[in-house]
>>> print(open('my_file00.cif').read())   # mmCIF, C-alpha atoms, pLDDT in the B column; chains and numbers go by the auth columns
data_target
#
loop_
_atom_site.group_PDB
_atom_site.id
_atom_site.type_symbol
_atom_site.label_atom_id
_atom_site.label_comp_id
_atom_site.label_asym_id
_atom_site.label_seq_id
_atom_site.Cartn_x
_atom_site.Cartn_y
_atom_site.Cartn_z
_atom_site.B_iso_or_equiv
_atom_site.auth_seq_id
_atom_site.auth_asym_id
ATOM 1 C CA MET A 1 -82.486 141.393 -197.867 60.00 1015 A
ATOM 2 C CA GLU A 2 -83.404 137.733 -198.078 72.00 1016 A
ATOM 3 C CA GLU A 3 -81.856 135.429 -195.479 85.00 1017 A
ATOM 4 C CA LYS A 4 -79.120 133.081 -196.648 89.00 1018 A
ATOM 5 C CA LYS A 5 -79.492 129.369 -196.112 91.00 1019 A
ATOM 6 C CA LEU A 6 -77.559 126.278 -197.073 92.00 1020 A
ATOM 7 C CA TYR A 7 -78.452 124.896 -200.494 95.00 1021 A
ATOM 8 C CA THR A 8 -77.238 121.713 -202.138 94.00 1022 A
ATOM 9 C CA LEU A 9 -76.756 121.692 -205.890 95.00 1023 A
ATOM 10 C CA LEU A 10 -76.733 118.416 -207.779 94.00 1024 A
ATOM 11 C CA VAL A 11 -75.007 118.863 -211.126 93.00 1025 A
ATOM 12 C CA TYR A 12 -74.800 116.090 -213.710 91.00 1026 A
ATOM 13 C CA SER A 13 -72.298 116.151 -216.549 90.00 1027 A
ATOM 14 C CA GLU A 14 -70.367 114.001 -218.912 85.00 1028 A
ATOM 15 C CA ASN A 15 -66.971 112.940 -217.594 83.00 1029 A
ATOM 16 C CA ILE A 16 -64.897 115.560 -219.399 83.00 1030 A
ATOM 17 C CA ALA A 17 -61.808 117.353 -218.088 84.00 1031 A
ATOM 18 C CA GLY A 18 -62.368 120.984 -217.156 86.00 1032 A
ATOM 19 C CA ILE A 19 -66.034 120.788 -216.114 86.00 1033 A
ATOM 20 C CA LEU A 20 -65.234 121.227 -212.427 89.00 1034 A
ATOM 21 C CA ASN A 21 -63.338 124.424 -213.190 91.00 1035 A
ATOM 22 C CA GLN A 22 -66.272 125.768 -215.231 90.00 1036 A
ATOM 23 C CA VAL A 23 -68.756 124.968 -212.454 92.00 1037 A
ATOM 24 C CA THR A 24 -66.688 126.491 -209.643 92.00 1038 A
ATOM 25 C CA ALA A 25 -66.025 129.608 -211.758 93.00 1039 A
ATOM 26 C CA VAL A 26 -69.757 130.395 -211.663 94.00 1040 A
ATOM 27 C CA PHE A 27 -69.604 130.538 -207.854 94.00 1041 A
ATOM 28 C CA THR A 28 -66.446 132.668 -207.968 94.00 1042 A
ATOM 29 C CA ARG A 29 -67.995 135.218 -210.343 94.00 1043 A
ATOM 30 C CA ARG A 30 -70.999 135.554 -208.033 92.00 1044 A
ATOM 31 C CA GLN A 31 -68.717 135.717 -204.953 93.00 1045 A
ATOM 32 C CA VAL A 32 -70.388 132.718 -203.314 94.00 1046 A
ATOM 33 C CA ASN A 33 -68.157 130.424 -201.283 93.00 1047 A
ATOM 34 C CA ILE A 34 -68.536 126.669 -201.779 94.00 1048 A
ATOM 35 C CA GLU A 35 -68.921 124.950 -198.398 92.00 1049 A
ATOM 36 C CA SER A 36 -68.417 121.390 -199.630 92.00 1050 A
ATOM 37 C CA LEU A 37 -67.870 119.651 -202.934 93.00 1051 A
ATOM 38 C CA ASN A 38 -68.055 115.982 -203.828 93.00 1052 A
ATOM 39 C CA VAL A 39 -67.622 114.572 -207.328 91.00 1053 A
ATOM 40 C CA SER A 40 -68.297 110.959 -208.257 89.00 1054 A
ATOM 41 C CA ALA A 41 -69.795 108.709 -210.876 86.00 1055 A
ATOM 42 C CA SER A 42 -73.593 108.656 -210.749 82.00 1056 A
ATOM 43 C CA SER A 43 -75.930 105.706 -211.112 78.00 1057 A
ATOM 44 C CA ILE A 44 -76.086 106.466 -214.847 80.00 1058 A
ATOM 45 C CA GLU A 45 -73.179 105.135 -216.917 82.00 1059 A
ATOM 46 C CA GLY A 46 -70.971 107.914 -218.309 83.00 1060 A
ATOM 47 C CA VAL A 47 -72.567 110.609 -216.137 86.00 1061 A
ATOM 48 C CA HIS A 48 -70.790 112.229 -213.196 90.00 1062 A
ATOM 49 C CA LYS A 49 -72.521 113.855 -210.250 91.00 1063 A
ATOM 50 C CA TYR A 50 -71.295 116.967 -208.447 92.00 1064 A
ATOM 51 C CA THR A 51 -72.764 117.578 -205.001 94.00 1065 A
ATOM 52 C CA ILE A 52 -72.064 121.187 -204.018 95.00 1066 A
ATOM 53 C CA THR A 53 -73.205 123.047 -200.914 94.00 1067 A
ATOM 54 C CA ALA A 54 -73.215 126.822 -200.556 95.00 1068 A
ATOM 55 C CA TRP A 55 -74.837 129.472 -198.371 94.00 1069 A
ATOM 56 C CA SER A 56 -76.985 131.706 -200.534 94.00 1070 A
ATOM 57 C CA ASP A 57 -80.396 133.265 -200.944 92.00 1071 A
ATOM 58 C CA ALA A 58 -83.021 131.712 -203.224 92.00 1072 A
ATOM 59 C CA ASP A 59 -82.640 134.283 -206.020 93.00 1073 A
ATOM 60 C CA GLN A 60 -78.874 133.955 -206.224 95.00 1074 A
ATOM 61 C CA ILE A 61 -78.810 130.140 -206.051 95.00 1075 A
ATOM 62 C CA GLU A 62 -81.384 129.990 -208.859 95.00 1076 A
ATOM 63 C CA LYS A 63 -79.178 132.231 -211.031 95.00 1077 A
ATOM 64 C CA ILE A 64 -76.099 130.144 -210.244 96.00 1078 A
ATOM 65 C CA THR A 65 -77.954 126.937 -211.138 95.00 1079 A
ATOM 66 C CA LYS A 66 -79.151 128.373 -214.454 94.00 1080 A
ATOM 67 C CA GLN A 67 -75.628 129.560 -215.330 94.00 1081 A
ATOM 68 C CA ILE A 68 -74.169 126.141 -214.546 94.00 1082 A
ATOM 69 C CA GLU A 69 -76.837 124.434 -216.625 91.00 1083 A
ATOM 70 C CA LYS A 70 -75.856 126.592 -219.645 89.00 1084 A
ATOM 71 C CA LYS A 71 -72.389 125.014 -219.710 85.00 1085 A
ATOM 72 C CA VAL A 72 -72.052 122.839 -222.804 77.00 1086 A
ATOM 73 C CA ASP A 73 -71.073 119.606 -221.051 86.00 1087 A
ATOM 74 C CA VAL A 74 -73.507 119.969 -218.130 89.00 1088 A
ATOM 75 C CA ILE A 75 -76.536 117.739 -218.593 89.00 1089 A
ATOM 76 C CA LYS A 76 -78.696 118.993 -215.723 89.00 1090 A
ATOM 77 C CA ALA A 77 -78.390 121.081 -212.563 93.00 1091 A
ATOM 78 C CA ASN A 78 -80.873 121.452 -209.692 92.00 1092 A
ATOM 79 C CA TYR A 79 -80.738 123.016 -206.253 93.00 1093 A
ATOM 80 C CA PHE A 80 -82.358 121.668 -203.112 92.00 1094 A
ATOM 81 C CA THR A 81 -82.891 122.455 -199.457 91.00 1095 A
ATOM 82 C CA ASP A 82 -81.933 119.867 -196.837 90.00 1096 A
ATOM 83 C CA ASP A 83 -85.511 118.611 -196.376 89.00 1097 A
ATOM 84 C CA GLN A 84 -85.631 117.560 -200.044 89.00 1098 A
ATOM 85 C CA LEU A 85 -82.596 115.269 -199.831 91.00 1099 A
ATOM 86 C CA PHE A 86 -81.167 112.326 -197.942 91.00 1100 A
ATOM 87 C CA ILE A 87 -77.748 113.614 -196.829 92.00 1101 A
ATOM 88 C CA ARG A 88 -74.663 112.064 -195.263 94.00 1102 A
ATOM 89 C CA GLU A 89 -71.060 112.967 -194.493 94.00 1103 A
ATOM 90 C CA THR A 90 -68.207 111.130 -192.834 96.00 1104 A
ATOM 91 C CA GLY A 91 -65.961 112.466 -190.102 97.00 1105 A
ATOM 92 C CA LEU A 92 -62.536 111.037 -189.278 98.00 1106 A
ATOM 93 C CA TYR A 93 -60.936 111.760 -185.915 98.00 1107 A
ATOM 94 C CA LYS A 94 -57.371 110.816 -185.029 98.00 1108 A
ATOM 95 C CA LEU A 95 -57.087 110.648 -181.240 98.00 1109 A
ATOM 96 C CA SER A 96 -54.111 110.187 -178.948 97.00 1110 A
ATOM 97 C CA THR A 97 -54.020 106.523 -177.840 97.00 1111 A
ATOM 98 C CA GLU A 98 -52.416 107.517 -174.547 97.00 1112 A
ATOM 99 C CA GLN A 99 -55.256 109.911 -173.718 97.00 1113 A
ATOM 100 C CA VAL A 100 -57.989 107.509 -174.857 97.00 1114 A
ATOM 101 C CA LEU A 101 -56.572 104.740 -172.636 96.00 1115 A
ATOM 102 C CA SER A 102 -56.110 107.019 -169.634 96.00 1116 A
ATOM 103 C CA ASN A 103 -59.609 108.537 -169.801 97.00 1117 A
ATOM 104 C CA PRO A 104 -62.524 106.084 -170.235 96.00 1118 A
ATOM 105 C CA GLU A 105 -64.924 109.000 -170.754 97.00 1119 A
ATOM 106 C CA ILE A 106 -63.474 109.528 -174.248 97.00 1120 A
ATOM 107 C CA SER A 107 -64.618 106.027 -175.305 96.00 1121 A
ATOM 108 C CA ARG A 108 -68.039 106.712 -173.794 96.00 1122 A
ATOM 109 C CA VAL A 109 -68.313 109.918 -175.868 97.00 1123 A
ATOM 110 C CA VAL A 110 -67.488 107.920 -179.011 97.00 1124 A
ATOM 111 C CA ARG A 111 -70.201 105.346 -178.190 97.00 1125 A
ATOM 112 C CA ARG A 112 -72.802 107.999 -177.249 97.00 1126 A
ATOM 113 C CA HIS A 113 -72.284 109.615 -180.654 97.00 1127 A
ATOM 114 C CA GLU A 114 -72.683 106.221 -182.374 97.00 1128 A
ATOM 115 C CA ALA A 115 -69.233 106.469 -183.942 97.00 1129 A
ATOM 116 C CA SER A 116 -66.903 103.544 -184.489 96.00 1130 A
ATOM 117 C CA ILE A 117 -63.269 102.933 -183.664 96.00 1131 A
ATOM 118 C CA THR A 118 -61.669 101.665 -186.859 96.00 1132 A
ATOM 119 C CA GLU A 119 -58.000 101.437 -185.893 96.00 1133 A
ATOM 120 C CA VAL A 120 -55.954 101.397 -182.719 96.00 1134 A
ATOM 121 C CA ASN A 121 -52.170 101.464 -182.526 96.00 1135 A
ATOM 122 C CA PRO A 122 -49.674 102.636 -179.881 97.00 1136 A
ATOM 123 C CA THR A 123 -49.743 106.227 -181.199 97.00 1137 A
ATOM 124 C CA TYR A 124 -53.307 106.951 -182.291 97.00 1138 A
ATOM 125 C CA VAL A 125 -56.903 105.764 -182.421 97.00 1139 A
ATOM 126 C CA ILE A 126 -58.993 106.392 -185.545 98.00 1140 A
ATOM 127 C CA VAL A 127 -62.681 107.082 -184.995 98.00 1141 A
ATOM 128 C CA MET A 128 -65.190 107.306 -187.842 98.00 1142 A
ATOM 129 C CA LYS A 129 -68.647 108.877 -187.710 97.00 1143 A
ATOM 130 C CA HIS A 130 -71.280 108.889 -190.470 96.00 1144 A
ATOM 131 C CA GLY A 131 -74.174 111.299 -190.292 94.00 1145 A
ATOM 132 C CA ILE A 132 -75.315 114.818 -190.945 91.00 1146 A
ATOM 133 C CA THR A 133 -72.978 117.787 -190.623 90.00 1147 A
ATOM 134 C CA GLU A 134 -74.227 118.767 -187.171 92.00 1148 A
ATOM 135 C CA ASP A 135 -73.594 115.251 -185.784 95.00 1149 A
ATOM 136 C CA ILE A 136 -70.056 115.152 -187.188 95.00 1150 A
ATOM 137 C CA ILE A 137 -69.206 118.563 -185.715 95.00 1151 A
ATOM 138 C CA SER A 138 -70.878 117.709 -182.410 97.00 1152 A
ATOM 139 C CA LEU A 139 -68.596 114.692 -181.926 98.00 1153 A
ATOM 140 C CA TYR A 140 -65.552 116.803 -182.779 97.00 1154 A
ATOM 141 C CA ARG A 141 -66.509 119.415 -180.159 97.00 1155 A
ATOM 142 C CA ALA A 142 -67.139 116.725 -177.538 97.00 1156 A
ATOM 143 C CA LEU A 143 -63.780 115.034 -178.179 98.00 1157 A
ATOM 144 C CA ASP A 144 -61.905 118.332 -178.403 97.00 1158 A
ATOM 145 C CA GLN A 145 -62.910 119.132 -174.819 96.00 1159 A
ATOM 146 C CA TYR A 146 -60.594 116.309 -173.706 97.00 1160 A
ATOM 147 C CA GLY A 147 -57.648 117.634 -175.722 96.00 1161 A
ATOM 148 C CA CYS A 148 -57.203 114.243 -177.372 97.00 1162 A
ATOM 149 C CA VAL A 149 -57.821 115.168 -181.032 97.00 1163 A
ATOM 150 C CA LEU A 150 -54.626 114.978 -183.091 98.00 1164 A
ATOM 151 C CA GLN A 151 -56.363 115.439 -186.467 97.00 1165 A
ATOM 152 C CA TYR A 152 -59.911 115.883 -187.698 97.00 1166 A
ATOM 153 C CA THR A 153 -61.532 116.069 -191.104 96.00 1167 A
ATOM 154 C CA ARG A 154 -64.956 115.625 -192.597 93.00 1168 A
ATOM 155 C CA SER A 155 -65.931 114.668 -196.102 92.00 1169 A
ATOM 156 C CA GLY A 156 -67.977 116.673 -198.504 87.00 1170 A
ATOM 157 C CA ARG A 157 -71.680 116.066 -198.452 90.00 1171 A
ATOM 158 C CA ILE A 158 -73.136 113.235 -200.462 90.00 1172 A
ATOM 159 C CA ALA A 159 -76.837 113.372 -201.244 90.00 1173 A
ATOM 160 C CA VAL A 160 -79.617 111.646 -203.094 86.00 1174 A
ATOM 161 C CA THR A 161 -83.054 113.048 -203.770 84.00 1175 A
ATOM 162 C CA ARG A 162 -86.025 111.650 -201.922 82.00 1176 A
ATOM 163 C CA GLY A 163 -87.569 110.671 -205.284 73.00 1177 A
ATOM 164 C CA LYS A 164 -87.437 107.199 -206.777 66.00 1178 A
ATOM 165 C CA GLN A 165 -84.606 107.844 -209.271 62.00 1179 A
ATOM 166 C CA GLU A 166 -81.923 110.366 -210.141 62.00 1180 A
ATOM 167 C CA GLU A 167 -83.542 113.655 -211.205 63.00 1181 A
ATOM 168 C CA VAL A 168 -81.484 113.566 -214.367 63.00 1182 A
ATOM 169 C CA SER A 169 -82.909 110.165 -215.417 59.00 1183 A
ATOM 170 C CA SER A 170 -86.277 111.548 -216.506 61.00 1184 A
ATOM 171 C CA PHE A 171 -84.554 114.493 -218.203 59.00 1185 A
ATOM 172 C CA LEU A 172 -82.316 112.150 -220.225 59.00 1186 A
ATOM 173 C CA LEU A 173 -85.306 109.977 -221.149 60.00 1187 A
ATOM 174 C CA GLN A 174 -87.245 113.014 -222.405 58.00 1188 A
ATOM 175 C CA ARG A 175 -84.221 114.203 -224.366 57.00 1189 A
ATOM 176 C CA GLU A 176 -83.812 110.774 -225.981 60.00 1190 A
ATOM 177 C CA GLN A 177 -87.525 110.613 -226.886 58.00 1191 A
ATOM 178 C CA GLN A 178 -87.346 114.104 -228.388 60.00 1192 A
ATOM 179 C CA TYR A 179 -84.278 113.101 -230.409 58.00 1193 A
ATOM 180 C CA ASN A 180 -86.041 109.958 -231.683 64.00 1194 A
ATOM 181 C CA ASN A 181 -89.163 111.952 -232.631 69.00 1195 A
ATOM 182 C CA GLU A 182 -87.063 114.425 -234.626 67.00 1196 A
ATOM 183 C CA ARG A 183 -85.488 111.619 -236.668 64.00 1197 A
#
>>> encode(input="my_file00.cif", output="structure tokens")
Amino acid sequence: MEEKKLYTLLVYSENIAGILNQVTAVFTRRQVNIESLNVSASSIEGVHKYTITAWSDADQIEKITKQIEKKVDVIKANYFTDDQLFIRETGLYKLSTEQVLSNPEISRVVRRHEASITEVNPTYVIVMKHGITEDIISLYRALDQYGCVLQYTRSGRIAVTRGKQEEVSSFLLQREQQYNNER
């Protein structure tokens, strides 16, 4: 049995209601859990980008990608490994102000992890960290050792390919040229 690894799918679609449900249904049918999901406008007007991470093997992720790409309103879907993308996430940590003020080591941990304090009030301190998943989790574990974490969350992954433009750009250009040639 092939070893599972974390894949990132970049799915491009028109901004039409119901696409997200169609895309996630493909994962459900194949019994693959989505680790993170981020949906936003892309750099191409009228096109939305879904960044989805899931643990899978190469054969299964290829089948999932092909099924997603068959959806009527999906323009293009590709899957990538981490080395093929530039990836970032954001972690937010709500810490007890009382504990942060009484233990200077907590502030040192925040600085060592290159995180930033974005808000301080009498009840809590908000810390924000940008980076890769492992860095976000590492800061959480370090802070959690002091018992000061009131809340913690991390965003879904955002990613861009290491190429010059969106992968879908060349696909859309080819499609437009083909359409013009057929006219």
>>> residues_around(input="my_file00.cif", residues="Lys1018 of chain A", least_positions_apart="4", cutoff="8 Å", atoms="all atoms listed in the file", output="number ranges by chain")
A: 1069-1072
>>> write_last_selection(input="my_file00.cif", atoms="C-alpha atoms", output="PDB file, in the coordinates of the input")
ATOM      1  CA  TRP A1069     -74.837 129.472-198.371  1.00 94.00           C
ATOM      2  CA  SER A1070     -76.985 131.706-200.534  1.00 94.00           C
ATOM      3  CA  ASP A1071     -80.396 133.265-200.944  1.00 92.00           C
ATOM      4  CA  ALA A1072     -83.021 131.712-203.224  1.00 92.00           C
TER       5      ALA A1072
END
>>> resolve_selection(input="my_file00.cif", expression="the PyMOL selection byres ((chain A and resi 1090-1107) around 8)", output="count of residues only")
44
>>> closest_residue(input="my_file00.cif", among="A:Leu1115, A:Ile1078, A:Val1123, A:Cys1162", to="Arg1043 of chain A", atoms="only C-alpha atoms")
A:Ile1078
>>> closest_residue(input="my_file00.cif", among="A:Asp1158, A:Glu1059, A:Glu1017, A:Glu1049", to="Gln1113 of chain A", atoms="all atoms listed in the file")
A:Asp1158
>>> atom_distance(input="my_file00.cif", atom1="atom CA of Gln1036 of chain A", atom2="atom CA of His1062 of chain A")
14.4 Å
>>> axis_aligned_box(input="my_file00.cif", around="segment 1055-1074 of chain A", padding_each_side="4 Å", output="AutoDock Vina command-line options")
--center_x -76.4 --center_y 119.7 --center_z -208.3 --size_x 21.2 --size_y 37.1 --size_z 27.9
>>> atom_distance(input="my_file00.cif", atom1="atom CA of Arg1122 of chain A", atom2="atom CA of Asn1135 of chain A")
18.9 Å
>>> atom_distance(input="my_file00.cif", atom1="atom CA of Lys1063 of chain A", atom2="atom CA of Glu1028 of chain A")
8.9 Å
>>> resolve_selection(input="my_file00.cif", expression="the PyMOL selection byres ((chain A and resi 1053) around 6)", output="ChimeraX atom specification")
/A:1052,1054,1063-1064
>>> closest_residue(input="my_file00.cif", among="A:Ala1039, A:Leu1153, A:Ile1066, A:Ala1055", to="Ser1130 of chain A", atoms="all atoms listed in the file")
A:Leu1153
>>> closest_residue(input="my_file00.cif", among="A:Val1114, A:Leu1051, A:Val1061, A:Val1037", to="Val1134 of chain A", atoms="only C-alpha atoms")
A:Val1114
>>> decode(input="my_file00.cif", residues="segment 1030-1043 of chain A", atoms="N, CA and C atoms", output="JSON list (two decimals), in the first residue's frame")
[["chain", "number", "residue", "atom", "x", "y", "z"],
["A", 1030, "ILE", "N", -19.86, 30.68, -8.53],
["A", 1030, "ILE", "CA", -21.25, 30.24, -8.62],
["A", 1030, "ILE", "C", -21.60, 29.47, -7.34],
["A", 1031, "ALA", "N", -22.76, 29.76, -6.79],
["A", 1031, "ALA", "CA", -23.20, 29.07, -5.57],
["A", 1031, "ALA", "C", -23.27, 27.56, -5.80],
["A", 1032, "GLY", "N", -22.84, 26.81, -4.81],
["A", 1032, "GLY", "CA", -22.95, 25.36, -4.86],
["A", 1032, "GLY", "C", -21.69, 24.63, -5.29],
["A", 1033, "ILE", "N", -20.70, 25.35, -5.81],
["A", 1033, "ILE", "CA", -19.46, 24.70, -6.27],
["A", 1033, "ILE", "C", -18.73, 24.05, -5.09],
["A", 1034, "LEU", "N", -18.64, 24.76, -3.98],
["A", 1034, "LEU", "CA", -17.93, 24.22, -2.82],
["A", 1034, "LEU", "C", -18.53, 22.89, -2.40],
["A", 1035, "ASN", "N", -19.84, 22.80, -2.38],
["A", 1035, "ASN", "CA", -20.51, 21.56, -2.02],
["A", 1035, "ASN", "C", -20.14, 20.43, -3.00],
["A", 1036, "GLN", "N", -20.12, 20.74, -4.28],
["A", 1036, "GLN", "CA", -19.77, 19.74, -5.30],
["A", 1036, "GLN", "C", -18.33, 19.25, -5.11],
["A", 1037, "VAL", "N", -17.43, 20.17, -4.83],
["A", 1037, "VAL", "CA", -16.01, 19.82, -4.66],
["A", 1037, "VAL", "C", -15.81, 18.96, -3.41],
["A", 1038, "THR", "N", -16.40, 19.38, -2.30],
["A", 1038, "THR", "CA", -16.21, 18.61, -1.05],
["A", 1038, "THR", "C", -16.90, 17.24, -1.13],
["A", 1039, "ALA", "N", -17.96, 17.13, -1.91],
["A", 1039, "ALA", "CA", -18.64, 15.84, -2.07],
["A", 1039, "ALA", "C", -17.73, 14.79, -2.70],
["A", 1040, "VAL", "N", -16.82, 15.22, -3.56],
["A", 1040, "VAL", "CA", -15.88, 14.27, -4.18],
["A", 1040, "VAL", "C", -15.00, 13.64, -3.10],
["A", 1041, "PHE", "N", -14.53, 14.46, -2.16],
["A", 1041, "PHE", "CA", -13.72, 13.94, -1.06],
["A", 1041, "PHE", "C", -14.54, 12.99, -0.18],
["A", 1042, "THR", "N", -15.78, 13.36, 0.10],
["A", 1042, "THR", "CA", -16.65, 12.54, 0.94],
["A", 1042, "THR", "C", -16.88, 11.16, 0.31],
["A", 1043, "ARG", "N", -17.19, 11.14, -0.98],
["A", 1043, "ARG", "CA", -17.43, 9.87, -1.67],
["A", 1043, "ARG", "C", -16.20, 8.96, -1.62]]
